[in-house]
$ cat upload31.pdb   # PDB, N, CA and C atoms, pLDDT in the B column
MODEL        1
ATOM      1  N   MET R 908     -74.813 -98.466-107.901  1.00 56.00           N
ATOM      2  CA  MET R 908     -74.321 -97.110-108.075  1.00 56.00           C
ATOM      3  C   MET R 908     -74.325 -96.367-106.735  1.00 56.00           C
ATOM      4  N   THR R 909     -74.323 -95.073-106.785  1.00 73.00           N
ATOM      5  CA  THR R 909     -74.255 -94.310-105.537  1.00 73.00           C
ATOM      6  C   THR R 909     -75.629 -94.182-104.903  1.00 73.00           C
ATOM      7  N   GLN R 910     -75.621 -93.936-103.622  1.00 80.00           N
ATOM      8  CA  GLN R 910     -76.872 -93.743-102.894  1.00 80.00           C
ATOM      9  C   GLN R 910     -77.385 -92.335-103.155  1.00 80.00           C
ATOM     10  N   SER R 911     -78.671 -92.166-102.929  1.00 94.00           N
ATOM     11  CA  SER R 911     -79.205 -90.819-103.036  1.00 94.00           C
ATOM     12  C   SER R 911     -78.621 -89.973-101.912  1.00 94.00           C
ATOM     13  N   LYS R 912     -78.497 -88.697-102.150  1.00 93.00           N
ATOM     14  CA  LYS R 912     -77.898 -87.799-101.145  1.00 93.00           C
ATOM     15  C   LYS R 912     -78.699 -87.839 -99.849  1.00 93.00           C
ATOM     16  N   ARG R 913     -80.007 -87.868 -99.965  1.00 94.00           N
ATOM     17  CA  ARG R 913     -80.870 -87.889 -98.779  1.00 94.00           C
ATOM     18  C   ARG R 913     -80.630 -89.157 -97.957  1.00 94.00           C
ATOM     19  N   GLN R 914     -80.503 -90.292 -98.641  1.00 94.00           N
ATOM     20  CA  GLN R 914     -80.290 -91.556 -97.942  1.00 94.00           C
ATOM     21  C   GLN R 914     -78.918 -91.561 -97.257  1.00 94.00           C
ATOM     22  N   ALA R 915     -77.900 -91.076 -97.955  1.00 93.00           N
ATOM     23  CA  ALA R 915     -76.559 -91.033 -97.374  1.00 93.00           C
ATOM     24  C   ALA R 915     -76.534 -90.114 -96.152  1.00 93.00           C
ATOM     25  N   GLU R 916     -77.213 -88.978 -96.247  1.00 94.00           N
ATOM     26  CA  GLU R 916     -77.271 -88.039 -95.129  1.00 94.00           C
ATOM     27  C   GLU R 916     -77.957 -88.668 -93.923  1.00 94.00           C
ATOM     28  N   ARG R 917     -79.050 -89.377 -94.182  1.00 93.00           N
ATOM     29  CA  ARG R 917     -79.786 -90.027 -93.089  1.00 93.00           C
ATOM     30  C   ARG R 917     -78.909 -91.068 -92.403  1.00 93.00           C
ATOM     31  N   GLN R 918     -78.199 -91.861 -93.187  1.00 92.00           N
ATOM     32  CA  GLN R 918     -77.335 -92.875 -92.588  1.00 92.00           C
ATOM     33  C   GLN R 918     -76.213 -92.233 -91.786  1.00 92.00           C
ATOM     34  N   TRP R 919     -75.656 -91.143 -92.287  1.00 92.00           N
ATOM     35  CA  TRP R 919     -74.592 -90.448 -91.574  1.00 92.00           C
ATOM     36  C   TRP R 919     -75.103 -89.912 -90.242  1.00 92.00           C
ATOM     37  N   LYS R 920     -76.305 -89.321 -90.261  1.00 92.00           N
ATOM     38  CA  LYS R 920     -76.896 -88.799 -89.024  1.00 92.00           C
ATOM     39  C   LYS R 920     -77.160 -89.920 -88.031  1.00 92.00           C
ATOM     40  N   ASP R 921     -77.637 -91.059 -88.538  1.00 90.00           N
ATOM     41  CA  ASP R 921     -77.892 -92.200 -87.656  1.00 90.00           C
ATOM     42  C   ASP R 921     -76.605 -92.652 -86.977  1.00 90.00           C
ATOM     43  N   ARG R 922     -75.524 -92.719 -87.740  1.00 88.00           N
ATOM     44  CA  ARG R 922     -74.242 -93.123 -87.154  1.00 88.00           C
ATOM     45  C   ARG R 922     -73.799 -92.120 -86.105  1.00 88.00           C
ATOM     46  N   LYS R 923     -73.966 -90.840 -86.398  1.00 87.00           N
ATOM     47  CA  LYS R 923     -73.569 -89.803 -85.456  1.00 87.00           C
ATOM     48  C   LYS R 923     -74.384 -89.899 -84.172  1.00 87.00           C
ATOM     49  N   GLN R 924     -75.685 -90.126 -84.310  1.00 85.00           N
ATOM     50  CA  GLN R 924     -76.561 -90.195 -83.137  1.00 85.00           C
ATOM     51  C   GLN R 924     -76.239 -91.399 -82.268  1.00 85.00           C
ATOM     52  N   SER R 925     -75.808 -92.494 -82.889  1.00 82.00           N
ATOM     53  CA  SER R 925     -75.614 -93.730 -82.130  1.00 82.00           C
ATOM     54  C   SER R 925     -74.223 -93.822 -81.512  1.00 82.00           C
ATOM     55  N   GLN R 926     -73.362 -92.855 -81.757  1.00 77.00           N
ATOM     56  CA  GLN R 926     -72.023 -92.903 -81.172  1.00 77.00           C
ATOM     57  C   GLN R 926     -72.096 -92.697 -79.665  1.00 77.00           C
ATOM     58  N   ASN R 927     -71.201 -93.359 -78.973  1.00 70.00           N
ATOM     59  CA  ASN R 927     -71.119 -93.202 -77.526  1.00 70.00           C
ATOM     60  C   ASN R 927     -69.648 -93.339 -77.152  1.00 70.00           C
ATOM     61  N   PRO R 928     -68.820 -92.349 -77.501  1.00 69.00           N
ATOM     62  CA  PRO R 928     -67.372 -92.523 -77.440  1.00 69.00           C
ATOM     63  C   PRO R 928     -66.809 -92.740 -76.044  1.00 69.00           C
ATOM     64  N   HIS R 929     -67.453 -92.223 -75.022  1.00 70.00           N
ATOM     65  CA  HIS R 929     -66.887 -92.331 -73.680  1.00 70.00           C
ATOM     66  C   HIS R 929     -67.628 -93.348 -72.831  1.00 70.00           C
ATOM     67  N   GLY R 930     -68.381 -94.204 -73.446  1.00 69.00           N
ATOM     68  CA  GLY R 930     -69.138 -95.187 -72.696  1.00 69.00           C
ATOM     69  C   GLY R 930     -70.397 -94.562 -72.112  1.00 69.00           C
ATOM     70  N   LYS R 931     -71.176 -95.374 -71.470  1.00 70.00           N
ATOM     71  CA  LYS R 931     -72.417 -94.853 -70.893  1.00 70.00           C
ATOM     72  C   LYS R 931     -72.109 -93.966 -69.696  1.00 70.00           C
ATOM     73  N   VAL R 932     -72.908 -92.940 -69.532  1.00 75.00           N
ATOM     74  CA  VAL R 932     -72.737 -92.038 -68.395  1.00 75.00           C
ATOM     75  C   VAL R 932     -73.399 -92.680 -67.182  1.00 75.00           C
ATOM     76  N   GLN R 933     -72.631 -92.783 -66.104  1.00 73.00           N
ATOM     77  CA  GLN R 933     -73.165 -93.406 -64.897  1.00 73.00           C
ATOM     78  C   GLN R 933     -74.026 -92.411 -64.135  1.00 73.00           C
ATOM     79  N   SER R 934     -74.983 -92.949 -63.406  1.00 82.00           N
ATOM     80  CA  SER R 934     -75.793 -92.084 -62.562  1.00 82.00           C
ATOM     81  C   SER R 934     -74.948 -91.645 -61.364  1.00 82.00           C
ATOM     82  N   PHE R 935     -75.390 -90.585 -60.703  1.00 84.00           N
ATOM     83  CA  PHE R 935     -74.642 -90.067 -59.556  1.00 84.00           C
ATOM     84  C   PHE R 935     -74.528 -91.126 -58.466  1.00 84.00           C
ATOM     85  N   GLU R 936     -75.577 -91.930 -58.280  1.00 85.00           N
ATOM     86  CA  GLU R 936     -75.552 -92.973 -57.252  1.00 85.00           C
ATOM     87  C   GLU R 936     -74.461 -93.995 -57.557  1.00 85.00           C
ATOM     88  N   GLN R 937     -74.340 -94.374 -58.853  1.00 85.00           N
ATOM     89  CA  GLN R 937     -73.312 -95.346 -59.227  1.00 85.00           C
ATOM     90  C   GLN R 937     -71.918 -94.769 -58.983  1.00 85.00           C
ATOM     91  N   LEU R 938     -71.735 -93.490 -59.326  1.00 82.00           N
ATOM     92  CA  LEU R 938     -70.440 -92.848 -59.110  1.00 82.00           C
ATOM     93  C   LEU R 938     -70.110 -92.803 -57.618  1.00 82.00           C
ATOM     94  N   ALA R 939     -71.113 -92.498 -56.803  1.00 85.00           N
ATOM     95  CA  ALA R 939     -70.905 -92.433 -55.359  1.00 85.00           C
ATOM     96  C   ALA R 939     -70.543 -93.813 -54.814  1.00 85.00           C
ATOM     97  N   GLU R 940     -71.193 -94.848 -55.312  1.00 85.00           N
ATOM     98  CA  GLU R 940     -70.883 -96.221 -54.880  1.00 85.00           C
ATOM     99  C   GLU R 940     -69.446 -96.568 -55.223  1.00 85.00           C
ATOM    100  N   ASP R 941     -69.044 -96.253 -56.463  1.00 83.00           N
ATOM    101  CA  ASP R 941     -67.682 -96.552 -56.895  1.00 83.00           C
ATOM    102  C   ASP R 941     -66.676 -95.805 -56.033  1.00 83.00           C
ATOM    103  N   ALA R 942     -66.959 -94.552 -55.711  1.00 81.00           N
ATOM    104  CA  ALA R 942     -66.059 -93.764 -54.867  1.00 81.00           C
ATOM    105  C   ALA R 942     -65.961 -94.404 -53.494  1.00 81.00           C
ATOM    106  N   GLY R 943     -67.073 -94.880 -52.973  1.00 79.00           N
ATOM    107  CA  GLY R 943     -67.072 -95.544 -51.672  1.00 79.00           C
ATOM    108  C   GLY R 943     -66.257 -96.833 -51.685  1.00 79.00           C
ATOM    109  N   LYS R 944     -66.335 -97.588 -52.748  1.00 76.00           N
ATOM    110  CA  LYS R 944     -65.557 -98.824 -52.865  1.00 76.00           C
ATOM    111  C   LYS R 944     -64.066 -98.500 -52.904  1.00 76.00           C
ATOM    112  N   ASN R 945     -63.701 -97.468 -53.640  1.00 70.00           N
ATOM    113  CA  ASN R 945     -62.287 -97.101 -53.756  1.00 70.00           C
ATOM    114  C   ASN R 945     -61.740 -96.625 -52.414  1.00 70.00           C
ATOM    115  N   GLU R 946     -62.561 -95.918 -51.643  1.00 64.00           N
ATOM    116  CA  GLU R 946     -62.118 -95.421 -50.325  1.00 64.00           C
ATOM    117  C   GLU R 946     -61.811 -96.597 -49.402  1.00 64.00           C
ATOM    118  N   SER R 947     -62.650 -97.642 -49.437  1.00 60.00           N
ATOM    119  CA  SER R 947     -62.480 -98.761 -48.519  1.00 60.00           C
ATOM    120  C   SER R 947     -61.298 -99.645 -48.926  1.00 60.00           C
ATOM    121  N   ASN R 948     -60.867 -99.575 -50.175  1.00 54.00           N
ATOM    122  CA  ASN R 948     -59.760-100.404 -50.641  1.00 54.00           C
ATOM    123  C   ASN R 948     -58.410 -99.852 -50.218  1.00 54.00           C
ATOM    124  N   LYS R 949     -58.365 -98.606 -49.805  1.00 53.00           N
ATOM    125  CA  LYS R 949     -57.063 -97.987 -49.463  1.00 53.00           C
ATOM    126  C   LYS R 949     -56.543 -98.482 -48.140  1.00 53.00           C
TER     127      LYS R 949
ENDMDL
END
$ encode --input "upload31.pdb" --output "structure tokens"
Amino acid sequence: MTQSKRQAERQWKDRKQSQNPHGKVQSFEQLAEDAGKNESNK
């Protein structure tokens, strides 16, 4: 049958918390490294 409302709410919150739509956020050092690599490729 159907899940309890509390259980369904908990699962929905878990899904919301675990979303990462834009990928992991890079640290500033990683971004700076990538920018440096792109500069040298030109």
$ atom_distance --input "upload31.pdb" --atom1 "atom C of Lys923 in chain R" --atom2 "atom C of Ser911 in chain R"
18.2 Å
$ select_by_dssp --input "upload31.pdb" --residues "chain R" --states "alpha helix (DSSP H)" --output "PyMOL selection string"
chain R and resi 912-925+935-948
$ atom_distance --input "upload31.pdb" --atom1 "CA of Val932 in chain R" --atom2 "CA of Lys944 in chain R"
18.4 Å
$ atom_distance --input "upload31.pdb" --atom1 "CA of Asn927 in chain R" --atom2 "CA of Asp941 in chain R"
21.2 Å
